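Visitor: Quick one: the structure is below, and I'll ask about it shortly.
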Amino acid sequence: MNKLALSDEILLSIEKPARYIGNEVNSVRKDLSEIDVRFAMCFPDVYEIGMSHLGIQILYDMFNRREDVWCERVYSPWVDLDRIMRERNIPLFALESQDPIKEFDFLGITIQYEMCYTNILQILELSQVPIFAKDRSESDPIVIGGGPCTYNPEPLAEFFDLFYIGEGETVYFELLDAYKENKKNGGSRRDFLEKAAHIPGIYVPSFYDVEYDADGMIVKFAPNNANAPEKIKKEIVMDITDTYYPKKPVVPFIKATQDRVVLEIQRGCIRGCRFCQAGMVYRPTRERNLEMLKEYAYDMLKNTGHEEISLSSLSSSDYSQLEKLVSFLIDEFRSKGVNISLPSLRIDAFSLDVMSKVQDVKRSSLTFAPEAGSQRLRDVINKGLTEENILEGAGQAFEGGWNRVKLYFMLGLPTETQEDMEGIAVLSDKIARRYYEIPKEQRNGKVQITASTSFFVPKPFTPFQWSRMNTREEFLGKARIVNAAMKEQLNRKSLKYNWHEADLTVLEGVLARGDRRVGAVIYDAYRRGSLYDSWSEFFDNRKWMAAFEATGVSIDFYNTRERSLDEILPWDFIDTGVTKEFLKQEWQKAVGESVTPNCRMSCSGCGAAIFGGGVCFEN
Amino acid sequence: MKIRIKFEKTGVMKFIGHLDIMRYFQKAMRRAEIDIAYSEGFSPHQVMSFAAPLGVGLTSEGEYLDIEVGMCLSSADAINRLNAVMVDGMKVLTFKKLPDDSGNAMSIVAAADYRVMFREGSSLIPDVELEAKLAEFYNRNEIVILKKTKKSEKEVDIKPMVYSLSAKDGVISMQLATGSVNNLKPELLMEAFAAYLGKELGEFAIMVHRVDVYADLGDENNRELVSLGDLGEDIA
Ligand code: SF4
């Protein structure tokens, strides 16, 4: 059995020691003498969150299929252990071997949300790897970032040696081969980075210089190394059936957020909501073959012993084989005590029928995400969900026994008016009214409608990337308008309204559309003790505000400034396939309140057809 | 059919708490494709009951859980299947059929054997003196400890809950009342011993290993302890 990196005394005095011992079902152990490349795969948040992430499970499985590579996992130590590790100078270790990360060849970090950026610095520091890439020596691991936030990696540019832009299944092996080759030839770290720069999708931030003008605008973004290309094109798997997917995902001992088999049924989304980054950067939509999914469902349940299976995709209802897949899952597994969870389903006759089979109607709620309170604003954001759709779906559900509804909206969307905000309350009330149209004796008690609003953050590579973002005060003012409107509704007693934190949103805005200069703020905030910022109990806005103050970085420059369409954006060097021209058109159409059909209705020529497959070639 | 499984929990698995061990076994049953019975209702769960929860930090070679199964496997088969899906530190030792009228594991637990060792550098007393001192401690008429509840403190004699206590080569063996009626934890007895020596037991001073768990088949006057593992029969 393994020797642990932490003593019994430490493990018995912290919360949930199971986070740090490895040894889980399906975790992979290898004989070091047969390994050429050691890869530490990190999700910079606590174990239970990190273990729930599908992408890591995919790459973990893929890497470990190679005999010469051993991929291990590492997550952010919780604050209790963080303190102990700092006090006693214990280096951060990987779960499988319990060996220090600093002895690895690679430290790969998946970057899923902006508010984990300080946790990335924690991982580096606890690993005893220099936080800034420029300070790393030949013996330090190569630090590589991947995941959705790398569609604007610039705020993190100084902390990473490499970024992998796009889907991990394609060129990682090429990168590892280049590394082995370079090591064999006695090449240096820099030699490797130069070779890596030739691999499609790989971005070496130190090989690029950015110049700004007196107003702080980017005037030039260009390679400073002959090996670095001007544009980095995202990597993407076109055949997502015949590719890597884990049949034996790791099963944690403690309950993870996602304690179930996750079946990814498709990638991308045909809808084209204008605020949604995933919907743009994962284009084109690609479906997995039904037979493959059936086989994986069976094998993954068998190999993990999980009692639940969940479908994963941005919009499950758009998967063309959904009915067949769902009936298969119900017929095959329901009798064996397996729960089937179906997130992101549009509410209609089919989904209600399925839901009544797989969940307890009395205890479950219906979810709609209209995102905006009025049809006008829904047209602006290209959300193809109408009031009729909602009332119709809700009506059917109410008749089927449901009486709880959750509604998700955003505040602060471009062109938003007071009427749009109040529309949130009006729509909520209309749903309640629809409920009370049912004869009293057929109702299932009272209706309960919960509307939640988040604040809109413009994201890179969306049509709204040029949009001005609201200030904290504007956001909160809008939430108050909605709240007041809720109180004026006929069915106010059945309506509940929640809104998000505004401070966090403001910060997310800066990190999402920031450039390299924002890196200094992240570093400074981390030095002031910021960590686990996505956890409300740890987020401390004062530390961040002090960091902006100290570094002289202006929040308004990144958030509330109007961007012109010809300005050089920090992420312009990345090519997602979707053209800037298309995004501009979409932005103009948004302002003109004009909708764009989804990819199945008709192609709008976004540019993603260049990848030669998926929905663009269905017909 | 009622089945009792005996298993071992050692090594790093000592850091996995009782609730997570339950979850672990539920998943293990599915991986091993044991034909386990499910409860009725909208979200059925496996019919499973554990004998005596083992605290975090303790190891054991005598843990028990009862399940209900439909299809009958031989004991050897079931053990092989389960062990094929175990992690390091978890091992199934026996898989026995119980008489239909037997009480579930949890309800019949009456005693447990433990082995206790001092962690390096944490001994209360040199190994050579341990045996004699421990005997001296145990031979008194009563072993009184101060039991703290939320409201008050009271003195309790724990000696009736200590069924045996001895030491050899630095290893302390004890048999203690366990279960829902009377329950004494090895840590508590060791604290009393430390106090008797005029010392304090450090927080991480001892390592506790459970050896076996027993049911009491006797009556009020006479204890007749039988290992939970001896109550069923192997399935051929
Ligand atoms: S090229 Fe057309 S079909 Fe393909 S993703 Fe873009 S809009 Fe959709």
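We label chains A, B, ... in the order they appear in the structure tokens, count residues from 1 in each chain, and number ligands from 1 in the order shown.
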For Asp331 of chain A, please output as an NGL selection string all residues within 12 Å (counting only C-alpha atoms; exclusion window: fewer than 6 positions along the same chain).
Guide: :A and (294 or 324-325 or 337-340 or 354 or 357-358)
Visitor: What does the file look like for those residues with C-alpha atoms, as a PDB file, in the first residue's frame?
Guide:
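Generated output (again_11.pdb):
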ATOM      1  CA  LYS A 294     -25.864   2.798 -24.999  1.00  0.00           C
ATOM      2  CA  LYS A 324     -34.514   6.548 -28.253  1.00  0.00           C
ATOM      3  CA  LEU A 325     -31.716   7.087 -25.776  1.00  0.00           C
ATOM      4  CA  GLY A 337     -32.605   1.022  -9.116  1.00  0.00           C
ATOM      5  CA  VAL A 338     -30.666   3.446 -11.313  1.00  0.00           C
ATOM      6  CA  ASN A 339     -31.864   7.041 -11.264  1.00  0.00           C
ATOM      7  CA  ILE A 340     -31.898   8.868 -14.536  1.00  0.00           C
ATOM      8  CA  VAL A 354     -40.127  11.183 -19.374  1.00  0.00           C
ATOM      9  CA  LYS A 357     -41.237   8.301 -15.252  1.00  0.00           C
ATOM     10  CA  VAL A 358     -37.864   9.131 -13.797  1.00  0.00           C
TER      11      VAL A 358
END
Visitor: I'd like the neighbourhood of Ala51 of chain B as a short mmCIF file (atom, residue, chain, number, x, y, z; two decimals) with N, CA, C and O atoms, in the first residue's frame, where a residue qualifies if any of its atoms comes within 7 Å (using only C-alpha atoms), though same-chain residues fewer than 6 positions away should be ignored.
Guide:
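That gives us out-v1.cif:
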data_model
loop_
_atom_site.label_atom_id
_atom_site.label_comp_id
_atom_site.auth_asym_id
_atom_site.auth_seq_id
_atom_site.Cartn_x
_atom_site.Cartn_y
_atom_site.Cartn_z
N TYR B 64 -18.63 -6.08 9.82
CA TYR B 64 -19.73 -6.89 9.29
C TYR B 64 -20.81 -6.02 8.67
O TYR B 64 -21.10 -4.93 9.15
N LEU B 65 -21.40 -6.56 7.59
CA LEU B 65 -22.61 -5.95 7.09
C LEU B 65 -23.54 -7.04 6.60
O LEU B 65 -23.08 -8.08 6.12
N ALA B 105 -27.36 -7.31 11.93
CA ALA B 105 -26.03 -7.15 12.52
C ALA B 105 -26.01 -6.05 13.58
O ALA B 105 -25.51 -6.25 14.69
N MET B 106 -26.60 -4.91 13.24
CA MET B 106 -26.59 -3.77 14.13
C MET B 106 -27.20 -4.09 15.49
O MET B 106 -26.66 -3.74 16.54
N VAL B 109 -25.07 -6.61 18.14
CA VAL B 109 -23.69 -6.37 18.58
C VAL B 109 -23.62 -6.17 20.09
O VAL B 109 -24.40 -5.40 20.66
#
Visitor: Once you count only C-alpha atoms and all ligand atoms, which residues end up within 8 Å of ligand 1, and could you hand them over as an MDAnalysis selection string?
Guide: chainID A and resid 270 283:285 578 598:600 602:610 614:617
Visitor: Grab the residues selected above and save them as a PDB file, in the first residue's frame with N, CA, C and O atoms.
Guide:
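After the write, selection_9.pdb holds the following:
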ATOM      1  N   ILE A 270     -26.915  24.255 -31.099  1.00  0.00           N
ATOM      2  CA  ILE A 270     -27.369  24.831 -32.367  1.00  0.00           C
ATOM      3  C   ILE A 270     -28.024  26.184 -32.188  1.00  0.00           C
ATOM      4  O   ILE A 270     -28.279  26.885 -33.151  1.00  0.00           O
ATOM      5  N   ARG A 283     -18.835  25.490 -31.321  1.00  0.00           N
ATOM      6  CA  ARG A 283     -19.430  25.205 -32.636  1.00  0.00           C
ATOM      7  C   ARG A 283     -18.464  24.410 -33.484  1.00  0.00           C
ATOM      8  O   ARG A 283     -17.265  24.572 -33.339  1.00  0.00           O
ATOM      9  N   PRO A 284     -18.865  23.613 -34.401  1.00  0.00           N
ATOM     10  CA  PRO A 284     -20.256  23.259 -34.673  1.00  0.00           C
ATOM     11  C   PRO A 284     -20.747  22.147 -33.742  1.00  0.00           C
ATOM     12  O   PRO A 284     -19.954  21.420 -33.159  1.00  0.00           O
ATOM     13  N   THR A 285     -22.067  22.043 -33.639  1.00  0.00           N
ATOM     14  CA  THR A 285     -22.684  20.998 -32.833  1.00  0.00           C
ATOM     15  C   THR A 285     -22.379  19.632 -33.433  1.00  0.00           C
ATOM     16  O   THR A 285     -22.520  19.432 -34.629  1.00  0.00           O
ATOM     17  N   VAL A 578     -15.623  30.516 -35.618  1.00  0.00           N
ATOM     18  CA  VAL A 578     -16.697  31.509 -35.772  1.00  0.00           C
ATOM     19  C   VAL A 578     -16.018  32.851 -36.049  1.00  0.00           C
ATOM     20  O   VAL A 578     -15.167  33.287 -35.277  1.00  0.00           O
ATOM     21  N   ASN A 598     -31.738  28.916 -35.684  1.00  0.00           N
ATOM     22  CA  ASN A 598     -30.742  27.980 -35.189  1.00  0.00           C
ATOM     23  C   ASN A 598     -30.162  27.179 -36.347  1.00  0.00           C
ATOM     24  O   ASN A 598     -30.690  27.180 -37.450  1.00  0.00           O
ATOM     25  N   CYS A 599     -29.061  26.493 -36.069  1.00  0.00           N
ATOM     26  CA  CYS A 599     -28.297  25.834 -37.127  1.00  0.00           C
ATOM     27  C   CYS A 599     -29.106  24.779 -37.885  1.00  0.00           C
ATOM     28  O   CYS A 599     -28.818  24.493 -39.032  1.00  0.00           O
ATOM     29  N   ARG A 600     -30.101  24.182 -37.237  1.00  0.00           N
ATOM     30  CA  ARG A 600     -30.889  23.162 -37.933  1.00  0.00           C
ATOM     31  C   ARG A 600     -31.944  23.786 -38.832  1.00  0.00           C
ATOM     32  O   ARG A 600     -32.306  23.215 -39.847  1.00  0.00           O
ATOM     33  N   SER A 602     -31.649  26.862 -40.354  1.00  0.00           N
ATOM     34  CA  SER A 602     -30.863  27.256 -41.517  1.00  0.00           C
ATOM     35  C   SER A 602     -29.502  27.735 -41.050  1.00  0.00           C
ATOM     36  O   SER A 602     -29.359  28.262 -39.953  1.00  0.00           O
ATOM     37  N   CYS A 603     -28.527  27.548 -41.898  1.00  0.00           N
ATOM     38  CA  CYS A 603     -27.165  27.939 -41.548  1.00  0.00           C
ATOM     39  C   CYS A 603     -27.004  29.433 -41.724  1.00  0.00           C
ATOM     40  O   CYS A 603     -27.450  30.001 -42.709  1.00  0.00           O
ATOM     41  N   SER A 604     -26.395  30.080 -40.749  1.00  0.00           N
ATOM     42  CA  SER A 604     -26.188  31.514 -40.863  1.00  0.00           C
ATOM     43  C   SER A 604     -24.758  31.846 -41.259  1.00  0.00           C
ATOM     44  O   SER A 604     -24.344  33.005 -41.183  1.00  0.00           O
ATOM     45  N   GLY A 605     -24.018  30.852 -41.614  1.00  0.00           N
ATOM     46  CA  GLY A 605     -22.666  31.090 -42.112  1.00  0.00           C
ATOM     47  C   GLY A 605     -21.732  31.681 -41.078  1.00  0.00           C
ATOM     48  O   GLY A 605     -21.000  32.630 -41.341  1.00  0.00           O
ATOM     49  N   CYS A 606     -21.722  31.079 -39.878  1.00  0.00           N
ATOM     50  CA  CYS A 606     -20.907  31.671 -38.810  1.00  0.00           C
ATOM     51  C   CYS A 606     -19.421  31.436 -39.018  1.00  0.00           C
ATOM     52  O   CYS A 606     -18.600  32.114 -38.410  1.00  0.00           O
ATOM     53  N   GLY A 607     -19.088  30.469 -39.864  1.00  0.00           N
ATOM     54  CA  GLY A 607     -17.669  30.200 -40.099  1.00  0.00           C
ATOM     55  C   GLY A 607     -17.240  28.838 -39.601  1.00  0.00           C
ATOM     56  O   GLY A 607     -16.244  28.275 -40.054  1.00  0.00           O
ATOM     57  N   ALA A 608     -18.000  28.267 -38.667  1.00  0.00           N
ATOM     58  CA  ALA A 608     -17.584  26.998 -38.062  1.00  0.00           C
ATOM     59  C   ALA A 608     -17.649  25.819 -39.021  1.00  0.00           C
ATOM     60  O   ALA A 608     -17.102  24.751 -38.733  1.00  0.00           O
ATOM     61  N   ALA A 609     -18.290  26.036 -40.160  1.00  0.00           N
ATOM     62  CA  ALA A 609     -18.345  24.958 -41.158  1.00  0.00           C
ATOM     63  C   ALA A 609     -16.940  24.605 -41.641  1.00  0.00           C
ATOM     64  O   ALA A 609     -16.715  23.523 -42.201  1.00  0.00           O
ATOM     65  N   ILE A 610     -15.990  25.482 -41.382  1.00  0.00           N
ATOM     66  CA  ILE A 610     -14.619  25.236 -41.809  1.00  0.00           C
ATOM     67  C   ILE A 610     -14.049  23.952 -41.202  1.00  0.00           C
ATOM     68  O   ILE A 610     -13.131  23.339 -41.753  1.00  0.00           O
ATOM     69  N   GLY A 614     -20.183  17.979 -38.338  1.00  0.00           N
ATOM     70  CA  GLY A 614     -21.212  18.361 -37.394  1.00  0.00           C
ATOM     71  C   GLY A 614     -22.480  18.842 -38.075  1.00  0.00           C
ATOM     72  O   GLY A 614     -22.769  18.475 -39.212  1.00  0.00           O
ATOM     73  N   VAL A 615     -23.207  19.693 -37.374  1.00  0.00           N
ATOM     74  CA  VAL A 615     -24.513  20.137 -37.835  1.00  0.00           C
ATOM     75  C   VAL A 615     -24.440  20.877 -39.175  1.00  0.00           C
ATOM     76  O   VAL A 615     -25.387  20.858 -39.955  1.00  0.00           O
ATOM     77  N   CYS A 616     -23.286  21.460 -39.455  1.00  0.00           N
ATOM     78  CA  CYS A 616     -23.143  22.238 -40.694  1.00  0.00           C
ATOM     79  C   CYS A 616     -23.288  21.350 -41.926  1.00  0.00           C
ATOM     80  O   CYS A 616     -23.557  21.833 -43.015  1.00  0.00           O
ATOM     81  N   PHE A 617     -23.084  20.068 -41.748  1.00  0.00           N
ATOM     82  CA  PHE A 617     -23.134  19.166 -42.901  1.00  0.00           C
ATOM     83  C   PHE A 617     -24.224  18.107 -42.754  1.00  0.00           C
ATOM     84  O   PHE A 617     -24.163  17.057 -43.358  1.00  0.00           O
TER      85      PHE A 617
END
Visitor: What are the closest atom pairs, with distances in Å to one decimal, for each residue of chain A lying within 8 Å of chain B, using only C-alpha atoms, rows by chain and rising residue number, as CSV?
Guide:
residue,atom,partner,partner_atom,distance
A:Met1,CA,B:Asp88,CA,6.9
A:Asn2,CA,B:Val12,CA,7.9
A:Leu4,CA,B:Val12,CA,7.9
A:Asp8,CA,B:Gly57,CA,8.0
A:Glu9,CA,B:Phe204,CA,6.2
A:Leu11,CA,B:Phe15,CA,7.6
A:Leu12,CA,B:Gly57,CA,6.8
A:Pro17,CA,B:Phe15,CA,6.0
A:Ala18,CA,B:Ile16,CA,5.9
A:Ile21,CA,B:Val12,CA,6.8
A:Asn23,CA,B:Val87,CA,6.7
A:Glu24,CA,B:Val87,CA,6.8
A:Val25,CA,B:Val87,CA,6.0
A:Phe253,CA,B:Asp20,CA,5.9
A:Ile254,CA,B:Asp20,CA,5.8
A:Lys255,CA,B:Asp20,CA,7.6
A:Leu301,CA,B:Arg31,CA,7.9
A:Lys302,CA,B:Arg31,CA,5.2
A:Asn303,CA,B:Arg31,CA,5.7
A:Thr304,CA,B:Arg31,CA,6.4
A:Gly305,CA,B:Lys27,CA,4.1
A:His306,CA,B:Lys27,CA,5.8
A:Glu307,CA,B:Lys27,CA,7.4
A:Gly337,CA,B:Pro44,CA,5.9
A:Asn339,CA,B:Ser43,CA,7.6
A:Gln359,CA,B:Phe42,CA,7.9
A:Asp360,CA,B:Phe42,CA,6.9
Visitor: May I have the selected residues written with N, CA, C and O atoms, as an mmCIF file, in the first residue's frame?
Guide:
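As written to disk, result_32.cif reads:
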data_model
loop_
_atom_site.group_PDB
_atom_site.id
_atom_site.type_symbol
_atom_site.label_atom_id
_atom_site.label_comp_id
_atom_site.auth_asym_id
_atom_site.auth_seq_id
_atom_site.Cartn_x
_atom_site.Cartn_y
_atom_site.Cartn_z
ATOM 1 N N MET A 1 0.825 -1.205 0.000
ATOM 2 C CA MET A 1 0.000 0.000 0.000
ATOM 3 C C MET A 1 0.858 1.253 0.000
ATOM 4 O O MET A 1 1.979 1.267 0.463
ATOM 5 N N ASN A 2 0.260 2.298 -0.547
ATOM 6 C CA ASN A 2 0.951 3.571 -0.657
ATOM 7 C C ASN A 2 1.304 4.205 0.673
ATOM 8 O O ASN A 2 0.537 4.134 1.615
ATOM 9 N N LEU A 4 1.417 7.702 2.436
ATOM 10 C CA LEU A 4 0.737 8.958 2.163
ATOM 11 C C LEU A 4 1.671 10.146 2.342
ATOM 12 O O LEU A 4 2.621 10.086 3.117
ATOM 13 N N ASP A 8 -0.656 10.774 9.630
ATOM 14 C CA ASP A 8 -1.952 10.470 10.249
ATOM 15 C C ASP A 8 -2.433 11.654 11.070
ATOM 16 O O ASP A 8 -3.604 12.005 11.072
ATOM 17 N N GLU A 9 -1.501 12.235 11.757
ATOM 18 C CA GLU A 9 -1.853 13.333 12.654
ATOM 19 C C GLU A 9 -2.501 14.480 11.882
ATOM 20 O O GLU A 9 -3.510 15.048 12.309
ATOM 21 N N LEU A 11 -3.873 14.210 8.794
ATOM 22 C CA LEU A 11 -5.108 13.741 8.157
ATOM 23 C C LEU A 11 -6.268 13.628 9.141
ATOM 24 O O LEU A 11 -7.421 13.833 8.782
ATOM 25 N N LEU A 12 -5.939 13.307 10.393
ATOM 26 C CA LEU A 12 -7.015 13.158 11.375
ATOM 27 C C LEU A 12 -7.427 14.495 11.974
ATOM 28 O O LEU A 12 -8.425 14.573 12.686
ATOM 29 N N PRO A 17 -10.479 13.901 5.272
ATOM 30 C CA PRO A 17 -9.155 13.445 4.824
ATOM 31 C C PRO A 17 -9.211 12.649 3.523
ATOM 32 O O PRO A 17 -8.215 12.577 2.793
ATOM 33 N N ALA A 18 -10.395 12.108 3.200
ATOM 34 C CA ALA A 18 -10.531 11.319 1.966
ATOM 35 C C ALA A 18 -10.192 12.133 0.726
ATOM 36 O O ALA A 18 -9.933 11.576 -0.335
ATOM 37 N N ILE A 21 -6.150 11.206 -0.058
ATOM 38 C CA ILE A 21 -5.470 9.909 0.053
ATOM 39 C C ILE A 21 -5.437 9.108 -1.248
ATOM 40 O O ILE A 21 -4.778 8.089 -1.337
ATOM 41 N N ASN A 23 -6.392 6.413 -3.974
ATOM 42 C CA ASN A 23 -6.848 5.021 -3.763
ATOM 43 C C ASN A 23 -8.293 4.759 -4.202
ATOM 44 O O ASN A 23 -8.854 3.701 -3.932
ATOM 45 N N GLU A 24 -8.926 5.710 -4.894
ATOM 46 C CA GLU A 24 -10.324 5.522 -5.278
ATOM 47 C C GLU A 24 -10.455 4.408 -6.318
ATOM 48 O O GLU A 24 -9.516 4.097 -7.048
ATOM 49 N N VAL A 25 -11.674 3.889 -6.411
ATOM 50 C CA VAL A 25 -12.003 2.906 -7.437
ATOM 51 C C VAL A 25 -11.704 3.505 -8.816
ATOM 52 O O VAL A 25 -12.087 4.642 -9.091
ATOM 53 N N PHE A 253 -14.614 8.360 -2.846
ATOM 54 C CA PHE A 253 -15.196 7.796 -1.626
ATOM 55 C C PHE A 253 -16.215 8.747 -1.027
ATOM 56 O O PHE A 253 -17.260 8.336 -0.540
ATOM 57 N N ILE A 254 -15.847 10.028 -1.018
ATOM 58 C CA ILE A 254 -16.797 10.981 -0.447
ATOM 59 C C ILE A 254 -17.712 11.459 -1.560
ATOM 60 O O ILE A 254 -17.389 11.365 -2.742
ATOM 61 N N LYS A 255 -18.856 11.949 -1.164
ATOM 62 C CA LYS A 255 -19.865 12.314 -2.149
ATOM 63 C C LYS A 255 -19.411 13.555 -2.913
ATOM 64 O O LYS A 255 -19.233 14.622 -2.338
ATOM 65 N N LEU A 301 -21.871 2.305 -15.888
ATOM 66 C CA LEU A 301 -22.621 1.967 -14.674
ATOM 67 C C LEU A 301 -22.027 0.731 -14.014
ATOM 68 O O LEU A 301 -21.845 0.668 -12.811
ATOM 69 N N LYS A 302 -21.666 -0.230 -14.836
ATOM 70 C CA LYS A 302 -21.098 -1.468 -14.308
ATOM 71 C C LYS A 302 -19.741 -1.219 -13.634
ATOM 72 O O LYS A 302 -19.457 -1.740 -12.569
ATOM 73 N N ASN A 303 -18.938 -0.379 -14.266
ATOM 74 C CA ASN A 303 -17.585 -0.178 -13.754
ATOM 75 C C ASN A 303 -17.487 0.766 -12.564
ATOM 76 O O ASN A 303 -16.483 0.803 -11.874
ATOM 77 N N THR A 304 -18.504 1.594 -12.391
ATOM 78 C CA THR A 304 -18.458 2.529 -11.265
ATOM 79 C C THR A 304 -19.348 2.084 -10.122
ATOM 80 O O THR A 304 -19.077 2.396 -8.968
ATOM 81 N N GLY A 305 -20.453 1.406 -10.458
ATOM 82 C CA GLY A 305 -21.428 1.077 -9.431
ATOM 83 C C GLY A 305 -22.303 2.257 -9.061
ATOM 84 O O GLY A 305 -23.063 2.181 -8.097
ATOM 85 N N HIS A 306 -22.219 3.356 -9.818
ATOM 86 C CA HIS A 306 -23.066 4.513 -9.511
ATOM 87 C C HIS A 306 -24.534 4.131 -9.613
ATOM 88 O O HIS A 306 -24.912 3.278 -10.422
ATOM 89 N N GLU A 307 -25.357 4.835 -8.832
ATOM 90 C CA GLU A 307 -26.785 4.540 -8.891
ATOM 91 C C GLU A 307 -27.545 5.605 -9.660
ATOM 92 O O GLU A 307 -28.749 5.694 -9.586
ATOM 93 N N GLY A 337 -32.801 0.004 -10.135
ATOM 94 C CA GLY A 337 -32.605 1.022 -9.116
ATOM 95 C C GLY A 337 -31.693 2.160 -9.549
ATOM 96 O O GLY A 337 -31.156 2.878 -8.715
ATOM 97 N N ASN A 339 -31.153 5.793 -10.989
ATOM 98 C CA ASN A 339 -31.864 7.041 -11.264
ATOM 99 C C ASN A 339 -31.371 7.634 -12.566
ATOM 100 O O ASN A 339 -30.194 7.544 -12.890
ATOM 101 N N GLN A 359 -38.717 10.770 -12.230
ATOM 102 C CA GLN A 359 -38.618 11.477 -10.952
ATOM 103 C C GLN A 359 -39.973 11.555 -10.273
ATOM 104 O O GLN A 359 -41.018 11.350 -10.877
ATOM 105 N N ASP A 360 -39.912 11.872 -9.014
ATOM 106 C CA ASP A 360 -41.105 11.995 -8.222
ATOM 107 C C ASP A 360 -41.693 13.380 -8.490
ATOM 108 O O ASP A 360 -41.144 14.393 -8.082
#
Visitor: Can you list, as a PyMOL selection string, every protein, DNA or RNA residue that comes within 12 Å of segment 218-229 of chain B when you count only C-alpha atoms, leaving out same-chain residues fewer than 2 positions away?
Guide: chain B and resi 3-7+50-52+61-66+92-98+102-113+161+163+175-178+211-216+231-234
Visitor: Could you name the residues that touch Asp575 of chain A at 8 Å or less, counting only C-alpha atoms, but leaving out those on the same chain fewer than 4 positions away, as a list in words?
Guide: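 Counting only C-alpha atoms, the residues come to Lys231, Ile232, Lys233, Lys234 and Thr579 of chain A.
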Visitor: Which residue gives the smallest distance to Phe333 of chain A among A:Glu308, A:Glu488, A:Glu167, A:Glu549, with only C-alpha atoms counted?
Guide: A:Glu308
Visitor: Could you pull out all residues of segment 296-514 of chain A with a DSSP call of alpha helix (DSSP H) and give them as a ChimeraX atom specification?
Guide: /A:296-304,322-333,349-358,375-380,387-399,418-436,472-487,502-513
Visitor: DSSP on the backbone: what in segment 456-569 of chain A comes out strand (DSSP E), as a PyMOL selection string?
Guide: chain A and resi 495-499
Visitor: How would the residues just picked look written out with C-alpha atoms as a PDB file, in the first residue's frame?
Guide:
ATOM      1  CA  LEU A 495     -43.633  34.171  -6.139  1.00  0.00           C
ATOM      2  CA  LYS A 496     -40.169  34.112  -4.745  1.00  0.00           C
ATOM      3  CA  TYR A 497     -37.332  36.172  -6.086  1.00  0.00           C
ATOM      4  CA  ASN A 498     -33.578  35.639  -5.606  1.00  0.00           C
ATOM      5  CA  TRP A 499     -30.750  37.609  -7.026  1.00  0.00           C
TER       6      TRP A 499
END
Visitor: Name the closest residue to Lys147 of chain B among the candidates B:Ala192, B:Val162, B:Leu134, B:Ala167; distances are taken between atoms, counting only C-alpha atoms.
Guide: B:Ala192
Visitor: Give me the residues within 9 Å of segment 508-519 of chain A as a PyMOL selection string, counting only C-alpha atoms and dropping any in the same chain fewer than 5 places off.
Guide: chain A and resi 113-115+117+149+152-159+210+218+456-460+465+469+503+524+548+551+553+555-559+569-571
Visitor: Can you spit out the residues from that selection as an mmCIF file, in the first residue's frame, using C-alpha atoms?
Guide:
data_model
loop_
_atom_site.group_PDB
_atom_site.id
_atom_site.type_symbol
_atom_site.label_atom_id
_atom_site.label_comp_id
_atom_site.auth_asym_id
_atom_site.auth_seq_id
_atom_site.Cartn_x
_atom_site.Cartn_y
_atom_site.Cartn_z
ATOM 1 C CA TYR A 113 -14.489 29.652 -14.313
ATOM 2 C CA GLU A 114 -12.890 32.992 -13.649
ATOM 3 C CA MET A 115 -13.337 32.880 -9.918
ATOM 4 C CA TYR A 117 -7.900 32.155 -10.698
ATOM 5 C CA CYS A 149 -11.457 30.256 -19.795
ATOM 6 C CA ASN A 152 -9.245 34.508 -23.176
ATOM 7 C CA PRO A 153 -6.104 33.319 -21.429
ATOM 8 C CA GLU A 154 -4.543 36.769 -21.245
ATOM 9 C CA PRO A 155 -5.180 37.604 -17.562
ATOM 10 C CA LEU A 156 -3.341 34.362 -16.739
ATOM 11 C CA ALA A 157 -0.655 34.690 -19.416
ATOM 12 C CA GLU A 158 2.209 35.261 -17.018
ATOM 13 C CA PHE A 159 1.444 32.236 -14.879
ATOM 14 C CA VAL A 210 1.446 43.270 -26.464
ATOM 15 C CA ILE A 218 -4.007 47.393 -27.399
ATOM 16 C CA PHE A 456 -24.955 39.511 -17.152
ATOM 17 C CA VAL A 457 -21.226 39.289 -17.859
ATOM 18 C CA PRO A 458 -20.180 39.845 -21.494
ATOM 19 C CA LYS A 459 -17.886 37.054 -22.598
ATOM 20 C CA PRO A 460 -15.216 36.854 -25.300
ATOM 21 C CA GLN A 465 -18.163 40.822 -26.387
ATOM 22 C CA MET A 469 -21.315 45.828 -18.609
ATOM 23 C CA ASP A 503 -19.464 42.167 -6.366
ATOM 24 C CA ASP A 524 -1.965 41.038 -5.739
ATOM 25 C CA PHE A 548 -7.136 47.095 -8.072
ATOM 26 C CA THR A 551 -1.993 47.895 -9.174
ATOM 27 C CA VAL A 553 -5.908 48.718 -12.879
ATOM 28 C CA ILE A 555 -12.418 48.162 -13.417
ATOM 29 C CA ASP A 556 -14.285 50.566 -15.658
ATOM 30 C CA PHE A 557 -11.768 50.183 -18.438
ATOM 31 C CA TYR A 558 -12.687 46.517 -18.732
ATOM 32 C CA ASN A 559 -16.327 46.537 -17.741
ATOM 33 C CA LEU A 569 -9.446 42.634 -28.351
ATOM 34 C CA PRO A 570 -7.037 40.699 -26.129
ATOM 35 C CA TRP A 571 -8.335 37.379 -27.449
#
